[in-house]
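Novice: Please read through the structure below; I'll follow up with questions.
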Amino acid sequence: MKAVQYRRVGGSPEVVDVDVPEPGPGQVLLKVDAAGMCHSDLAVMDWPEEEFPYRLPLTLGHEGAGTISAFGPGRHRYSEGERVAVYGPWGCGLCRTCSYGEENYCRYAGRMGIHPPGLGAPGAMAEYLLVDDERHLVPLGELDPVEAAPLTDAGLTPYHAIKKSLPKLVPGSTAVVIGAGGLGHVGIQLLRTLTPAQVVAMDINDQKMELARRVGAHRAIRSDDSAPNETAELTDGRGAEAVFDFVGSTATTRTAARCVTTEGDLTIVGVGEGTVPVGFGTLPFEASVSAPYWGTRGELVELLELARNGSVRVHVDSFPLDETPRVYERFHRGEIPGRAVIVP
Ligand code: NAD
Ligand code: ZN
């Protein structure tokens, strides 16, 4: 089968031929219908050799949706031909956090050698994907797999982040979204559907700012040094009750810290070099800072319901698998608004 692999540190992703995997006991083989392209893939391919955490070659793609094609030995609840989304942050399945569905925070996965597809295990940018266990699958029903695949990360990650701040996003409050890309443009929609907050989006790219407005941001402003002042003006001098930084750079974390208000939440989702100093007088009183990772299985189930009732729609551009290396280049240049989705 064809697969998109990152084969050596510093190299470009390549389309190669590999064997179709055989499902072992408890495993499920999916015929991949769609695989989303995430900025984290670029971060992985930017990692220096000495820090590189995964074995190479690595088949990319941690946002997957597909059709069940075969089962390994054992009993199953799903059936062949069923369409599913793949919950990506696989855990041990048995510890306390996993029993809450929070496999994203399993303390044992790493030391047990369990990795998400595309981030250690072979990923979804291939004709077939091996899923370790049926519990990682969520039925798609009538959802289009091309729109659903990005929900497993570009949707789930902002959903998890935003859910934590819902109690603060009361009528009259403001939420700031920095970076209206794959995650950010879904985050804006989630804020609009789940909260009465004013939503202020920030980006550096005109096309992304336009998309932010189209998906429901009340304001989309340029992410520069004056953005915190503009936010202050839009909030009667107060600042935002919740700031979601989907970039995580030195510049954006600084902006984020200047936008958050007293008792507000500052959530850093983007993987960058940025840091936020915390200590008396560095941030408004009782501001909370967190850097979450992905989301829970239960949240993915909830999010697919929101997609089914039309509350969130991923803006997708789909491409055949052979074009993936070229699409990564365009993505790297910031030329793809919303999410690029590979259809093998
Ligand atoms: P993306 O490339 O689709 O979107 C990033 C957006 O940020 C783009 O619209 C870009 O124009 C904008 N941007 C760049 N510099 C900016 C600046 N200085 N100010 C404002 N906007 C700026 O990326 P994505 O796939 O949405 O991923 C976003 C980030 O989230 C990445 O760092 C990714 O690695 C990370 N991520 C984290 C998790 C997690 O669990 N914490 C999960 C998925 C992705
Ligand atoms: Zn991702």
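By convention in this document, the chains of the structure tokens carry letters A, B, ... by their order, each chain's residues are numbered from 1, and ligands are numbered from 1 in the order they are shown.
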Taking only C-alpha atoms and all ligand atoms into account, which residues are within 7 Å of ligand 1, as a count of residues only?
Specialist: 40
Novice: Quick check for you: according to DSSP on this backbone, which residues of stretch 155-302 of chain A are classed as alpha helix (DSSP H)? Reply as number ranges by chain.
Specialist: A: 156-165, 182-194, 206-214, 227-234, 250-259, 297-302
Novice: Measuring between only C-alpha atoms, which one of A:Val314, A:Val84, A:Ile268, A:Val289 shows the shortest distance to A:Ile188?
Specialist: A:Val314
Novice: Counting only C-alpha atoms, which residue out of A:Val9, A:Gly36, A:Asp317, A:Arg333 sits closest to A:Pro48?
Specialist: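 For A:Pro48, the nearest of the given residues is A:Val9.
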Novice: Need the shell around A:Ala257: protein/DNA/RNA residues with any atom at most 9 Å away, counting only C-alpha atoms. Skip same-chain ones fewer than 3 positions apart. Format as a VMD selection string?
Specialist: chain A and resid 228 243 252 to 254 260 to 261 266 276 to 277 282 to 284
Novice: Just the selected residues (N, CA and C atoms), exported as an mmCIF file, in the first residue's frame, please.
Specialist:
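Once written, out.cif looks like this:
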data_model
loop_
_atom_site.group_PDB
_atom_site.id
_atom_site.type_symbol
_atom_site.label_atom_id
_atom_site.label_comp_id
_atom_site.auth_asym_id
_atom_site.auth_seq_id
_atom_site.Cartn_x
_atom_site.Cartn_y
_atom_site.Cartn_z
ATOM 1 N N PRO A 228 -3.051 43.574 22.149
ATOM 2 C CA PRO A 228 -3.563 43.653 23.528
ATOM 3 C C PRO A 228 -4.313 44.961 23.800
ATOM 4 N N VAL A 243 -8.112 33.244 27.131
ATOM 5 C CA VAL A 243 -7.258 33.436 25.956
ATOM 6 C C VAL A 243 -6.728 32.072 25.542
ATOM 7 N N THR A 252 3.371 35.247 20.604
ATOM 8 C CA THR A 252 1.946 35.057 20.937
ATOM 9 C C THR A 252 1.728 34.807 22.429
ATOM 10 N N THR A 253 2.648 34.133 23.088
ATOM 11 C CA THR A 253 2.438 33.925 24.530
ATOM 12 C C THR A 253 2.526 35.273 25.251
ATOM 13 N N ARG A 254 3.367 36.162 24.726
ATOM 14 C CA ARG A 254 3.453 37.505 25.322
ATOM 15 C C ARG A 254 2.146 38.265 25.120
ATOM 16 N N VAL A 260 -5.081 38.639 28.905
ATOM 17 C CA VAL A 260 -5.920 37.947 29.895
ATOM 18 C C VAL A 260 -6.260 38.900 31.047
ATOM 19 N N THR A 261 -7.437 38.678 31.644
ATOM 20 C CA THR A 261 -7.867 39.552 32.736
ATOM 21 C C THR A 261 -7.748 38.841 34.092
ATOM 22 N N LEU A 266 -5.535 31.451 30.759
ATOM 23 C CA LEU A 266 -4.636 31.566 29.611
ATOM 24 C C LEU A 266 -4.211 30.151 29.250
ATOM 25 N N VAL A 276 5.268 31.682 29.593
ATOM 26 C CA VAL A 276 4.562 32.747 30.317
ATOM 27 C C VAL A 276 5.097 32.792 31.740
ATOM 28 N N PRO A 277 5.713 33.894 32.128
ATOM 29 C CA PRO A 277 6.185 33.980 33.514
ATOM 30 C C PRO A 277 5.000 34.084 34.474
ATOM 31 N N THR A 282 3.200 39.447 37.887
ATOM 32 C CA THR A 282 3.550 39.235 36.474
ATOM 33 C C THR A 282 2.312 39.096 35.598
ATOM 34 N N LEU A 283 1.246 38.562 36.196
ATOM 35 C CA LEU A 283 -0.020 38.377 35.475
ATOM 36 C C LEU A 283 -1.116 39.015 36.323
ATOM 37 N N PRO A 284 -2.293 39.299 35.727
ATOM 38 C CA PRO A 284 -3.399 39.784 36.556
ATOM 39 C C PRO A 284 -3.686 38.783 37.687
#
Novice: Need the shell around A:Phe285: protein/DNA/RNA residues with any atom at most 7 Å away, counting only C-alpha atoms. Skip same-chain ones fewer than 2 positions apart. Format as number ranges by chain?
Specialist: A: 262-263, 283, 287
Novice: Could you write out the selected residues, including C-alpha atoms, as a PDB file, in the first residue's frame?
Specialist:
ATOM      1  CA  THR A 262      -8.030  39.036  36.516  1.00  0.00           C
ATOM      2  CA  GLU A 263      -9.171  35.470  37.296  1.00  0.00           C
ATOM      3  CA  LEU A 283      -0.020  38.377  35.475  1.00  0.00           C
ATOM      4  CA  ALA A 287      -5.023  34.300  36.238  1.00  0.00           C
TER       5      ALA A 287
END
